[in-house]
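Notes follow once the structure below has been shown.
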Amino acid sequence: MAAIQINNVEKSYRALKALDGVSLTIEEGEFYGLLGPNGAGKTTLISIIAGLNRADAGSVQVHGHDVVTDYRQARMRLGVVPQELVFDPFFTVRETLRLQSGYFGLKNNDAWIDEVMHNLDLTNKADANMRALSGGMKRRVLVAQALVHKPPVIVLDEPTAGVDVELRQTLWKFISRLNREGHTIVLTTHYLEEAQALCNRVAMLKGGRVVALDETAALIRRISGSQLVVKLASGALPDELKPLVSHPEELIGGDKYTLRVNEYTDVEPILAKLRQSGAVIEDMQLQQADLEDVFIQIMEGEK
């Protein structure tokens, strides 16, 4: 059974088509990235998964429970960390988490609340009023609220937007531990280095449609390839290598060239052509493409 099953979901706001037939299967135990530019439909999709919004067409199930017809069971299995800082200014951190536990009918949940606060470095703020917390601390409480009922599926919508490095490291350490213990994680983020480091599989949305979907490593290999950066001490780049130059401006009076390569085996023929032309290499680096390269290439290709 899939952790989240999304079937041909559509959502419009008057003339705007926010989601245009999105279908995704997120398997149990995955760390799954949901990426896209602003306005791609990511938050709308998360709102539908969480039951905060209703699709115009299609269906969503969480662990086999429809988010509309079986919403109680679906929401019990789901924890969502929203983008916005939403909090009640009249409660302390501990009271906020106890109240959240009550929403799910959980009693005597203090041991888990203490563990969550400890792992998010909130213990020393347990009795502080929510309105007295910094923005970063409030975001930690949002994460704690999403985890307070031990949901098997956790959705994080831009959880590290505008927060410091310490919180990012603390959060990912705890979330990665939960993933290793079997929790399914769905992440949206504009920090593509986070997605590359954490996510096993990535779906990219643009204009409400899925425009790319694959394992992260396979996506990087298939879409972008690598780059060989060569600096010449003397000589010139042979004519047969000029079509491989990624940045044409390098061909104008320069001695440093960035060449596209698909595989490591492409490097030796390039070096052989340089030797045959009499060029002398001063420095050379093979740079692996990353998820940001893939993202830019796909988004520019999807007009």
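Labels for the structure tokens follow display order: chains A, B, ..., residues from 1 in each chain, ligands from 1.
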Residues at most 10 Å from Leu286 of chain A, counting only C-alpha atoms, excluding those fewer than 5 positions away in the same chain, as a PyMOL selection string?
chain A and resi 226-230+258-261+264+267
Please provide the set of residues having any atom within 10 Å of Pro151 of chain A, restricted to only C-alpha atoms, with same-chain residues fewer than 6 positions apart removed, written as an MDAnalysis selection string.
chainID A and resid 75:80 183:184
Which of segment 260-302 of chain A fall in strand (DSSP E), as a compact mmCIF listing (two decimals) with C-alpha atoms, in the first residue's frame:
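Writing the result to out_17.txt gives the following:
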```txt
# COMPACT_ATOMS: atom_id res chain seq x y z
CA ARG A 260 29.91 18.95 -21.58
CA VAL A 261 30.48 15.26 -20.90
CA VAL A 280 49.23 21.87 -22.79
CA ILE A 281 46.82 21.53 -19.83
CA GLU A 282 47.56 23.72 -16.82
CA ASP A 283 44.56 22.64 -14.71
CA MET A 284 41.59 20.30 -15.08
CA GLN A 285 38.45 19.57 -13.01
CA LEU A 286 35.56 17.20 -13.55
CA GLN A 287 32.42 18.72 -12.04
CA GLN A 288 29.37 16.58 -11.37
```
If we count only C-alpha atoms and set the cut-off at 7 Å, which residues sit around segment 38-42 of chain A, ignoring sequence neighbours fewer than 5 positions away in its own chain? Please answer as a list in words.
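Contacts, in chain order: Ala18, Leu19, Leu205, Lys206, Gly207 and Gly208 of chain A.
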From the list A:Met1, A:Val141, A:Leu24, A:Ala197, the nearest residue to Phe87 of chain A using only C-alpha atoms is A:Val141
With DSSP run on the backbone, what are the alpha helix (DSSP H) residues within segment 122-229 of chain A? I'd like them as a count of residues only.
44
Quick one: residues within 10 Å of Gln61 of chain A, only C-alpha atoms, excluding same-chain residues fewer than 4 positions away - as a PyMOL selection string?
chain A and resi 2-7+25+49+65-71+74
For C-alpha atoms, I'd like the residues from the last selection saved as a compact mmCIF listing (two decimals), in the first residue's frame.
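Result file follows (selection-v6.txt):
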```
# COMPACT_ATOMS: atom_id res chain seq x y z
CA ALA A 2 1.29 3.44 -0.96
CA ALA A 3 1.82 6.04 1.75
CA ILE A 4 0.16 8.67 -0.49
CA GLN A 5 -1.70 7.90 -3.68
CA ILE A 6 -2.64 10.89 -5.86
CA ASN A 7 -4.88 10.14 -8.83
CA THR A 25 2.49 7.39 -5.96
CA ILE A 49 -3.62 16.01 0.85
CA HIS A 65 -7.83 6.24 3.36
CA ASP A 66 -9.52 8.79 1.13
CA VAL A 67 -8.86 12.34 2.39
CA VAL A 68 -12.51 13.31 1.73
CA THR A 69 -14.67 10.27 2.45
CA ASP A 70 -12.44 8.82 5.20
CA TYR A 71 -10.86 12.02 6.43
CA ALA A 74 -6.40 9.94 6.69
```
Need to verify the contact set: Leu142 of chain A, 12 Å, only C-alpha atoms, exclusion of same-chain residues closer than 6 positions in sequence. Can you return it as a list in words?
Gly79, Val80, Val81, Pro82, Gln83, Glu84, Leu85, Val86, Phe87, Asp88, Val93, Thr96, Leu97, Gln100, Val116, Met117, Leu120, Leu122, Met130, Gly135, Gly136, Val148, Val155, Leu156, Asp157, Glu158, Pro159, Thr160 and Leu171 of chain A
Exercise: segment 292-302 of chain A partners within 8 Å, only C-alpha atoms, chain neighbours under 2 positions left out, as a VMD selection string:
chain A and resid 192 to 193 204 206 211 to 212 219 to 220 223 to 224 289 to 290
Now that the selection is made, can you save its residues with N, CA and C atoms as an mmCIF file, in the first residue's frame?
```
data_model
loop_
_atom_site.group_PDB
_atom_site.id
_atom_site.type_symbol
_atom_site.label_atom_id
_atom_site.label_comp_id
_atom_site.auth_asym_id
_atom_site.auth_seq_id
_atom_site.Cartn_x
_atom_site.Cartn_y
_atom_site.Cartn_z
ATOM 1 N N LEU A 192 17.637 23.462 -3.123
ATOM 2 C CA LEU A 192 17.761 22.231 -3.890
ATOM 3 C C LEU A 192 18.885 21.342 -3.385
ATOM 4 N N GLU A 193 19.872 21.930 -2.701
ATOM 5 C CA GLU A 193 20.927 21.089 -2.122
ATOM 6 C C GLU A 193 20.360 20.210 -1.011
ATOM 7 N N MET A 204 8.997 16.987 -10.070
ATOM 8 C CA MET A 204 9.042 18.422 -10.335
ATOM 9 C C MET A 204 7.738 18.851 -10.984
ATOM 10 N N LYS A 206 5.406 22.086 -12.666
ATOM 11 C CA LYS A 206 5.391 23.418 -13.267
ATOM 12 C C LYS A 206 4.016 23.630 -13.885
ATOM 13 N N VAL A 211 6.344 17.550 -14.508
ATOM 14 C CA VAL A 211 7.191 17.642 -15.701
ATOM 15 C C VAL A 211 8.434 16.766 -15.599
ATOM 16 N N ALA A 212 8.710 16.213 -14.419
ATOM 17 C CA ALA A 212 9.831 15.284 -14.251
ATOM 18 C C ALA A 212 9.587 14.445 -13.003
ATOM 19 N N LEU A 219 17.885 11.099 -12.123
ATOM 20 C CA LEU A 219 17.463 12.348 -12.756
ATOM 21 C C LEU A 219 18.672 13.208 -13.089
ATOM 22 N N ILE A 220 19.609 13.281 -12.171
ATOM 23 C CA ILE A 220 20.813 14.078 -12.390
ATOM 24 C C ILE A 220 21.634 13.494 -13.544
ATOM 25 N N ILE A 223 19.489 13.869 -17.083
ATOM 26 C CA ILE A 223 19.127 15.192 -17.598
ATOM 27 C C ILE A 223 20.335 16.064 -17.889
ATOM 28 N N SER A 224 21.324 16.051 -17.007
ATOM 29 C CA SER A 224 22.324 17.109 -17.099
ATOM 30 C C SER A 224 23.737 16.664 -17.440
ATOM 31 N N ALA A 289 27.252 17.317 -12.255
ATOM 32 C CA ALA A 289 26.039 18.131 -12.255
ATOM 33 C C ALA A 289 25.266 17.900 -10.963
ATOM 34 N N ASP A 290 24.464 18.879 -10.548
ATOM 35 C CA ASP A 290 23.662 18.722 -9.347
ATOM 36 C C ASP A 290 22.190 18.951 -9.667
#
```
Distance in Å - atom CA of Val186 of chain A versus atom CA of Tyr32 of chain A:
4.8 Å
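Closest approach to Val143 of chain A among A:Phe174, A:Lys125, A:Asp114, A:Gly182: A:Phe174, based on only C-alpha atoms.
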